[in-house]
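S.K.: Take a look at the following structure, please.
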Amino acid sequence: MPHSPELIVGSYNIHKAVGTDRRKDPHRTISVIRELDADLVALQEVDRRFGDRRGILDLDELHDVTGLTPVTLSTRKSEAAHGWHGNLLLFRNATLREARVIDLPGFEPRGAIVADLDFDDLSLRVIATHLGLLKASRLQQSHRLVDEIDPDHPTLMMGDMNEWRRGLTCSLMPLRSGLDAVHRTHFAPSFPARRPVLPLDRIIGCTRAEVVDMAPHISPLARLASDHLPIRARIRISA
């Protein structure tokens with residue numbers, strides 16, 4: 001990647017590779033990820049939720065098709081899992097300095113990946129997560145994730161936030177001091193995939209990792225491959 005203050009990033013709830021046609025097709029999912037043509041991608045629901053929690057995708061095929069590499073996790077829920085609580089973070093043309101996982105509070109088992117990456121001379125902290133279905137749980141989870149935000153370091157949070165509200169009723173309000181979670185965040189309807197109306201999926205930056213633009217990625221394949229559309233954004237990073 002040439003020296004540039006900008007990155008292309010994406011977030012995608014792949015719904016365990018089960019599409020709106022109720023057909024499971026991991027190859028189709030990988031093709032949609034390729035369409036994003038992103039430097040950094042957060043995925044959700046990449047593992048089975050129960051049993052051996054086996055990962056859904058062929059990671060070798062994913063790398064061959066997209067050039068993206070998974071962030072290495074020393075802790076997973078099982079040896080067969082790709083990620084952490086179904087979250088997986090992918091990158092290319094970067095150096096991984098550190099990655100760790102977090103169990104989030106709340107009624108359902110939820111988690112997050114926190115990774116520090118260097119893109120040439122640009123440093124970025126990325127938080128990839130999938131928040132709970134209940135507002136009370138999302139509030140608890142947002143409070144916990146505040147601890148991972150360094151206001152002096154470019155930070156980006158991506159994932160399925162399960163939140164569509166704005167302003168004071170938004171469960172992401174605890175993040176407002178470190179991220180543009182409420183007042184300046186961009187909204188992109190991503191659910192349901194065939195007729196998106198709810199902005200459940202978010203890419204949220206801070207003053208040093210500014211979301212310049214964000215939109216759902218709409219293609220015939222993306223409308224079929226999952227119940228969520230992927231979202232894609234351009235990020236401007238301050239040194």
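Residues are named by chain letter and number: chains run A, B, ... in the order of the structure tokens, numbers start at 1 in each chain, and ligands are numbered from 1 in the order shown.
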Would you pick out the contacts of A:Ile231 at 12 Å or less, using only C-alpha atoms, so that residues sharing its chain but fewer than 6 positions from it are not included, and give the list as a PDB file with C-alpha atoms, in the first residue's frame?

M.R.:
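The new file selection_26.pdb reads:
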```pdb
ATOM      1  CA  ILE A   8     -10.571   1.473   3.070  1.00  0.00           C
ATOM      2  CA  VAL A   9     -12.301  -0.530   5.797  1.00  0.00           C
ATOM      3  CA  GLY A  10     -15.377  -2.724   5.995  1.00  0.00           C
ATOM      4  CA  SER A  11     -17.622  -4.540   8.441  1.00  0.00           C
ATOM      5  CA  TYR A  12     -19.807  -7.530   7.603  1.00  0.00           C
ATOM      6  CA  ASN A  13     -22.087  -9.828   9.600  1.00  0.00           C
ATOM      7  CA  ILE A  14     -21.858 -12.927   7.419  1.00  0.00           C
ATOM      8  CA  VAL A  32     -18.629 -10.535  -1.274  1.00  0.00           C
ATOM      9  CA  ILE A  33     -15.621  -9.808   0.955  1.00  0.00           C
ATOM     10  CA  GLU A  35     -15.964  -7.034  -3.625  1.00  0.00           C
ATOM     11  CA  LEU A  36     -15.243  -4.740  -0.659  1.00  0.00           C
ATOM     12  CA  ASP A  37     -11.586  -4.427  -1.754  1.00  0.00           C
ATOM     13  CA  ALA A  38     -10.727  -3.213   1.757  1.00  0.00           C
ATOM     14  CA  LEU A  40      -9.211  -3.916   6.969  1.00  0.00           C
ATOM     15  CA  VAL A  41     -12.415  -5.920   7.528  1.00  0.00           C
ATOM     16  CA  ALA A  42     -14.295  -6.874  10.695  1.00  0.00           C
ATOM     17  CA  LEU A  43     -16.485  -9.967  10.362  1.00  0.00           C
ATOM     18  CA  MET A 158     -16.351  -1.712  13.756  1.00  0.00           C
ATOM     19  CA  GLY A 159     -19.036  -4.349  13.909  1.00  0.00           C
ATOM     20  CA  ASP A 160     -22.684  -5.204  14.275  1.00  0.00           C
ATOM     21  CA  HIS A 186     -22.257   8.196   9.805  1.00  0.00           C
ATOM     22  CA  PHE A 187     -25.305   5.974   9.387  1.00  0.00           C
ATOM     23  CA  ALA A 188     -25.700   3.381   6.654  1.00  0.00           C
ATOM     24  CA  PRO A 189     -28.818   1.171   6.566  1.00  0.00           C
ATOM     25  CA  SER A 190     -27.573  -2.418   6.307  1.00  0.00           C
ATOM     26  CA  PHE A 191     -30.414  -4.628   7.580  1.00  0.00           C
ATOM     27  CA  ALA A 193     -30.106  -7.076   3.181  1.00  0.00           C
ATOM     28  CA  PRO A 196     -32.149  -2.259   4.247  1.00  0.00           C
ATOM     29  CA  PRO A 199     -28.189   0.976  10.480  1.00  0.00           C
ATOM     30  CA  LEU A 200     -27.247  -1.930  12.772  1.00  0.00           C
ATOM     31  CA  ASP A 201     -23.692  -2.153  11.427  1.00  0.00           C
ATOM     32  CA  ARG A 202     -21.335   0.678  12.265  1.00  0.00           C
ATOM     33  CA  ILE A 203     -17.852   1.979  11.565  1.00  0.00           C
ATOM     34  CA  ILE A 204     -17.058   4.573  14.225  1.00  0.00           C
ATOM     35  CA  ASP A 213     -17.610   8.518   4.085  1.00  0.00           C
ATOM     36  CA  MET A 214     -19.517   5.302   4.712  1.00  0.00           C
ATOM     37  CA  ALA A 215     -22.155   3.388   2.774  1.00  0.00           C
ATOM     38  CA  PRO A 216     -23.637  -0.087   2.498  1.00  0.00           C
ATOM     39  CA  HIS A 217     -22.022  -2.230  -0.147  1.00  0.00           C
ATOM     40  CA  ILE A 218     -24.873  -3.153  -2.468  1.00  0.00           C
ATOM     41  CA  SER A 219     -24.477  -5.807  -5.146  1.00  0.00           C
ATOM     42  CA  ALA A 222     -24.350  -9.066  -1.262  1.00  0.00           C
TER      43      ALA A 222
END
```

S.K.: For A:Ser137, list every protein, DNA or RNA residue within 12 Å, evaluated using only C-alpha atoms, and leave out those in the same chain fewer than 3 positions away; present the list as a PyMOL selection string.

M.R.: chain A and resi 104-111+130-134+140-144+161-163+171-172

S.K.: Taking only stretch 15-226 of chain A into account, list the residues labelled helix (DSSP H, G or I) by DSSP (computed from the backbone), as an MDAnalysis selection string.

M.R.: chainID A and resid 15:17 26:36 59:66 135:146 167:169 173:177 220:225

S.K.: Determine, using only C-alpha atoms, which residues of stretch 119-151 of chain A have any atom at most 12 Å from an atom of stretch 68-80 of chain A, and tabulate each with its shortest atom pair and distance in Å to one decimal place, rows ordered by chain and then rising number, as a Markdown table.

M.R.:
```
| residue | atom | partner | partner_atom | distance |
| --- | --- | --- | --- | --- |
| A:Val126 | CA | A:Val71 | CA | 10.8 |
| A:Ile127 | CA | A:Val71 | CA | 11.8 |
| A:Ala128 | CA | A:Val71 | CA | 10.8 |
```

S.K.: Go ahead and save the picked residues with all heavy atoms, as a short mmCIF file (atom, residue, chain, number, x, y, z; two decimals), in the first residue's frame.

M.R.:
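Saved as selection_1.cif:
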```cif
data_model
loop_
_atom_site.label_atom_id
_atom_site.label_comp_id
_atom_site.auth_asym_id
_atom_site.auth_seq_id
_atom_site.Cartn_x
_atom_site.Cartn_y
_atom_site.Cartn_z
N VAL A 126 -7.85 -0.99 16.52
CA VAL A 126 -9.13 -1.42 15.96
C VAL A 126 -9.84 -2.28 16.99
O VAL A 126 -9.26 -3.22 17.55
CB VAL A 126 -8.94 -2.23 14.67
CG1 VAL A 126 -10.29 -2.56 14.06
CG2 VAL A 126 -8.09 -1.47 13.67
N ILE A 127 -11.10 -1.96 17.24
CA ILE A 127 -11.95 -2.75 18.12
C ILE A 127 -13.04 -3.36 17.25
O ILE A 127 -13.85 -2.64 16.65
CB ILE A 127 -12.58 -1.89 19.23
CG1 ILE A 127 -11.49 -1.17 20.03
CG2 ILE A 127 -13.45 -2.74 20.14
CD1 ILE A 127 -12.02 -0.12 20.99
N ALA A 128 -13.05 -4.69 17.16
CA ALA A 128 -14.05 -5.41 16.35
C ALA A 128 -14.99 -6.12 17.31
O ALA A 128 -14.54 -6.90 18.17
CB ALA A 128 -13.36 -6.41 15.43
#
```

S.K.: Could you please determine the separation between atom CA of A:Val46 and atom CA of A:Trp84 in Å, to one decimal place?

M.R.: 9.0 Å

S.K.: Which residues are near A:Thr20? Cut-off 8 Å, only C-alpha atoms, ignore same chain within fewer than 2 positions. Put them as a PyMOL selection string.

M.R.: chain A and resi 18+22-23+193-194+223-227

S.K.: Can you spit out the residues from that selection as a PDB file, in the first residue's frame, using all heavy atoms?

M.R.:
```
ATOM      1  N   VAL A  18     -25.039 -18.129   5.729  1.00  0.00           N
ATOM      2  CA  VAL A  18     -26.393 -18.503   5.300  1.00  0.00           C
ATOM      3  C   VAL A  18     -27.053 -17.265   4.700  1.00  0.00           C
ATOM      4  O   VAL A  18     -27.176 -16.227   5.367  1.00  0.00           O
ATOM      5  CB  VAL A  18     -27.226 -19.047   6.466  1.00  0.00           C
ATOM      6  CG1 VAL A  18     -28.651 -19.365   6.000  1.00  0.00           C
ATOM      7  CG2 VAL A  18     -26.573 -20.293   7.049  1.00  0.00           C
ATOM      8  N   ARG A  22     -31.656 -18.807   2.188  1.00  0.00           N
ATOM      9  CA  ARG A  22     -31.545 -19.889   3.173  1.00  0.00           C
ATOM     10  C   ARG A  22     -30.518 -20.950   2.787  1.00  0.00           C
ATOM     11  O   ARG A  22     -30.502 -22.047   3.337  1.00  0.00           O
ATOM     12  CB  ARG A  22     -32.909 -20.552   3.428  1.00  0.00           C
ATOM     13  CG  ARG A  22     -33.959 -19.587   3.962  1.00  0.00           C
ATOM     14  CD  ARG A  22     -35.266 -20.280   4.278  1.00  0.00           C
ATOM     15  NE  ARG A  22     -36.253 -19.342   4.794  1.00  0.00           N
ATOM     16  CZ  ARG A  22     -37.482 -19.675   5.178  1.00  0.00           C
ATOM     17  NH1 ARG A  22     -37.873 -20.943   5.093  1.00  0.00           N
ATOM     18  NH2 ARG A  22     -38.311 -18.767   5.638  1.00  0.00           N
ATOM     19  N   ARG A  23     -29.652 -20.603   1.864  1.00  0.00           N
ATOM     20  CA  ARG A  23     -28.604 -21.526   1.430  1.00  0.00           C
ATOM     21  C   ARG A  23     -27.278 -21.134   2.058  1.00  0.00           C
ATOM     22  O   ARG A  23     -26.910 -19.972   2.072  1.00  0.00           O
ATOM     23  CB  ARG A  23     -28.503 -21.492  -0.100  1.00  0.00           C
ATOM     24  CG  ARG A  23     -27.559 -22.525  -0.696  1.00  0.00           C
ATOM     25  CD  ARG A  23     -27.801 -22.661  -2.192  1.00  0.00           C
ATOM     26  NE  ARG A  23     -27.541 -21.439  -2.906  1.00  0.00           N
ATOM     27  CZ  ARG A  23     -26.344 -21.073  -3.393  1.00  0.00           C
ATOM     28  NH1 ARG A  23     -25.287 -21.873  -3.207  1.00  0.00           N
ATOM     29  NH2 ARG A  23     -26.191 -19.958  -4.048  1.00  0.00           N
ATOM     30  N   ALA A 193     -30.920  -7.260   4.386  1.00  0.00           N
ATOM     31  CA  ALA A 193     -30.106  -7.076   3.181  1.00  0.00           C
ATOM     32  C   ALA A 193     -30.939  -6.760   1.946  1.00  0.00           C
ATOM     33  O   ALA A 193     -30.512  -5.960   1.097  1.00  0.00           O
ATOM     34  CB  ALA A 193     -29.248  -8.318   2.943  1.00  0.00           C
ATOM     35  N   ARG A 194     -32.094  -7.376   1.824  1.00  0.00           N
ATOM     36  CA  ARG A 194     -32.869  -7.186   0.588  1.00  0.00           C
ATOM     37  C   ARG A 194     -33.534  -5.814   0.539  1.00  0.00           C
ATOM     38  O   ARG A 194     -33.754  -5.263  -0.536  1.00  0.00           O
ATOM     39  CB  ARG A 194     -33.909  -8.295   0.464  1.00  0.00           C
ATOM     40  CG  ARG A 194     -33.305  -9.630   0.059  1.00  0.00           C
ATOM     41  CD  ARG A 194     -34.366 -10.680  -0.192  1.00  0.00           C
ATOM     42  NE  ARG A 194     -33.801 -11.888  -0.786  1.00  0.00           N
ATOM     43  CZ  ARG A 194     -34.499 -12.998  -0.998  1.00  0.00           C
ATOM     44  NH1 ARG A 194     -35.782 -13.058  -0.670  1.00  0.00           N
ATOM     45  NH2 ARG A 194     -33.913 -14.050  -1.556  1.00  0.00           N
ATOM     46  N   ARG A 223     -26.745  -8.907  -1.623  1.00  0.00           N
ATOM     47  CA  ARG A 223     -28.149  -9.012  -1.200  1.00  0.00           C
ATOM     48  C   ARG A 223     -28.540 -10.457  -0.896  1.00  0.00           C
ATOM     49  O   ARG A 223     -29.499 -10.702  -0.157  1.00  0.00           O
ATOM     50  CB  ARG A 223     -29.062  -8.444  -2.283  1.00  0.00           C
ATOM     51  CG  ARG A 223     -29.000  -6.926  -2.410  1.00  0.00           C
ATOM     52  CD  ARG A 223     -30.130  -6.432  -3.281  1.00  0.00           C
ATOM     53  NE  ARG A 223     -30.066  -5.014  -3.568  1.00  0.00           N
ATOM     54  CZ  ARG A 223     -30.516  -4.055  -2.765  1.00  0.00           C
ATOM     55  NH1 ARG A 223     -31.054  -4.388  -1.599  1.00  0.00           N
ATOM     56  NH2 ARG A 223     -30.431  -2.790  -3.117  1.00  0.00           N
ATOM     57  N   LEU A 224     -27.804 -11.411  -1.460  1.00  0.00           N
ATOM     58  CA  LEU A 224     -28.118 -12.830  -1.274  1.00  0.00           C
ATOM     59  C   LEU A 224     -27.316 -13.497  -0.165  1.00  0.00           C
ATOM     60  O   LEU A 224     -27.815 -14.388   0.513  1.00  0.00           O
ATOM     61  CB  LEU A 224     -27.849 -13.600  -2.578  1.00  0.00           C
ATOM     62  CG  LEU A 224     -28.943 -13.686  -3.615  1.00  0.00           C
ATOM     63  CD1 LEU A 224     -28.438 -14.462  -4.834  1.00  0.00           C
ATOM     64  CD2 LEU A 224     -30.184 -14.376  -3.047  1.00  0.00           C
ATOM     65  N   ALA A 225     -26.080 -13.058   0.046  1.00  0.00           N
ATOM     66  CA  ALA A 225     -25.121 -13.858   0.806  1.00  0.00           C
ATOM     67  C   ALA A 225     -25.363 -13.863   2.307  1.00  0.00           C
ATOM     68  O   ALA A 225     -24.892 -14.761   3.012  1.00  0.00           O
ATOM     69  CB  ALA A 225     -23.701 -13.376   0.512  1.00  0.00           C
ATOM     70  N   SER A 226     -26.049 -12.843   2.846  1.00  0.00           N
ATOM     71  CA  SER A 226     -26.288 -12.739   4.282  1.00  0.00           C
ATOM     72  C   SER A 226     -27.556 -11.936   4.509  1.00  0.00           C
ATOM     73  O   SER A 226     -28.050 -11.269   3.592  1.00  0.00           O
ATOM     74  CB  SER A 226     -25.101 -12.058   4.972  1.00  0.00           C
ATOM     75  OG  SER A 226     -25.388 -11.752   6.318  1.00  0.00           O
ATOM     76  N   ASP A 227     -28.048 -11.950   5.749  1.00  0.00           N
ATOM     77  CA  ASP A 227     -29.202 -11.103   6.062  1.00  0.00           C
ATOM     78  C   ASP A 227     -28.783  -9.657   6.319  1.00  0.00           C
ATOM     79  O   ASP A 227     -29.630  -8.770   6.404  1.00  0.00           O
ATOM     80  CB  ASP A 227     -29.995 -11.655   7.249  1.00  0.00           C
ATOM     81  CG  ASP A 227     -29.177 -11.779   8.521  1.00  0.00           C
ATOM     82  OD1 ASP A 227     -27.941 -11.697   8.451  1.00  0.00           O
ATOM     83  OD2 ASP A 227     -29.785 -11.978   9.598  1.00  0.00           O
TER      84      ASP A 227
END
```

S.K.: List every residue of stretch 11-230 of chain A that DSSP, applied to the backbone of this structure, assigns to strand (DSSP E or B), and report them as number ranges by chain.

M.R.: A: 11-13, 18, 24, 40-44, 47, 55, 69-70, 84, 87-91, 95-104, 110-119, 122-130, 155-160, 191, 198, 201-204, 206, 209-216

S.K.: Could you give me, as a list in words, the residues within 8 Å of A:Arg125, counting only C-alpha atoms and dropping anything in the same chain fewer than 4 positions from it?

M.R.: Val114, Ala115, Asp116, Leu117, His153, Pro154, Thr155 and Leu156 of chain A

S.K.: Go through A:Leu168, A:Val211, A:Ile102, A:Leu221 and flag the residue nearest A:Ala233, using only C-alpha atoms for the distances.

M.R.: A:Val211

S.K.: Give me, as a CSV table (one decimal) with N, CA, C and O atoms, in the first residue's frame, all polymer residues having an atom no more than 8 Å from stretch 48-52 of chain A, counting only C-alpha atoms and skipping those fewer than 4 positions away in the same chain.

M.R.:
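Once written, result-v4.csv looks like this:
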```csv
chain,number,residue,atom,x,y,z
A,16,LYS,N,-23.1,-16.6,9.4
A,16,LYS,CA,-22.6,-18.0,9.3
A,16,LYS,C,-22.7,-18.5,7.9
A,16,LYS,O,-22.9,-19.7,7.6
A,56,ILE,N,-16.6,-21.0,9.9
A,56,ILE,CA,-17.4,-21.3,8.8
A,56,ILE,C,-16.7,-21.2,7.5
A,56,ILE,O,-16.9,-21.9,6.5
A,78,SER,N,-12.5,-22.3,21.0
A,78,SER,CA,-12.2,-23.7,20.7
A,78,SER,C,-11.1,-23.7,19.7
A,78,SER,O,-10.9,-22.7,19.0
A,80,ALA,N,-11.2,-25.2,16.9
A,80,ALA,CA,-11.8,-25.1,15.6
A,80,ALA,C,-12.4,-23.7,15.2
A,80,ALA,O,-12.7,-23.5,14.1
A,81,ALA,N,-12.4,-22.8,16.2
A,81,ALA,CA,-13.0,-21.5,16.0
A,81,ALA,C,-12.0,-20.6,15.2
A,81,ALA,O,-10.8,-20.7,15.3
A,85,HIS,N,-15.9,-15.2,20.0
A,85,HIS,CA,-17.4,-15.0,20.0
A,85,HIS,C,-17.9,-14.6,18.6
A,85,HIS,O,-18.8,-13.8,18.5
A,86,GLY,N,-17.3,-15.3,17.6
A,86,GLY,CA,-17.8,-15.1,16.2
A,86,GLY,C,-17.2,-13.9,15.5
A,86,GLY,O,-17.4,-13.7,14.4
```
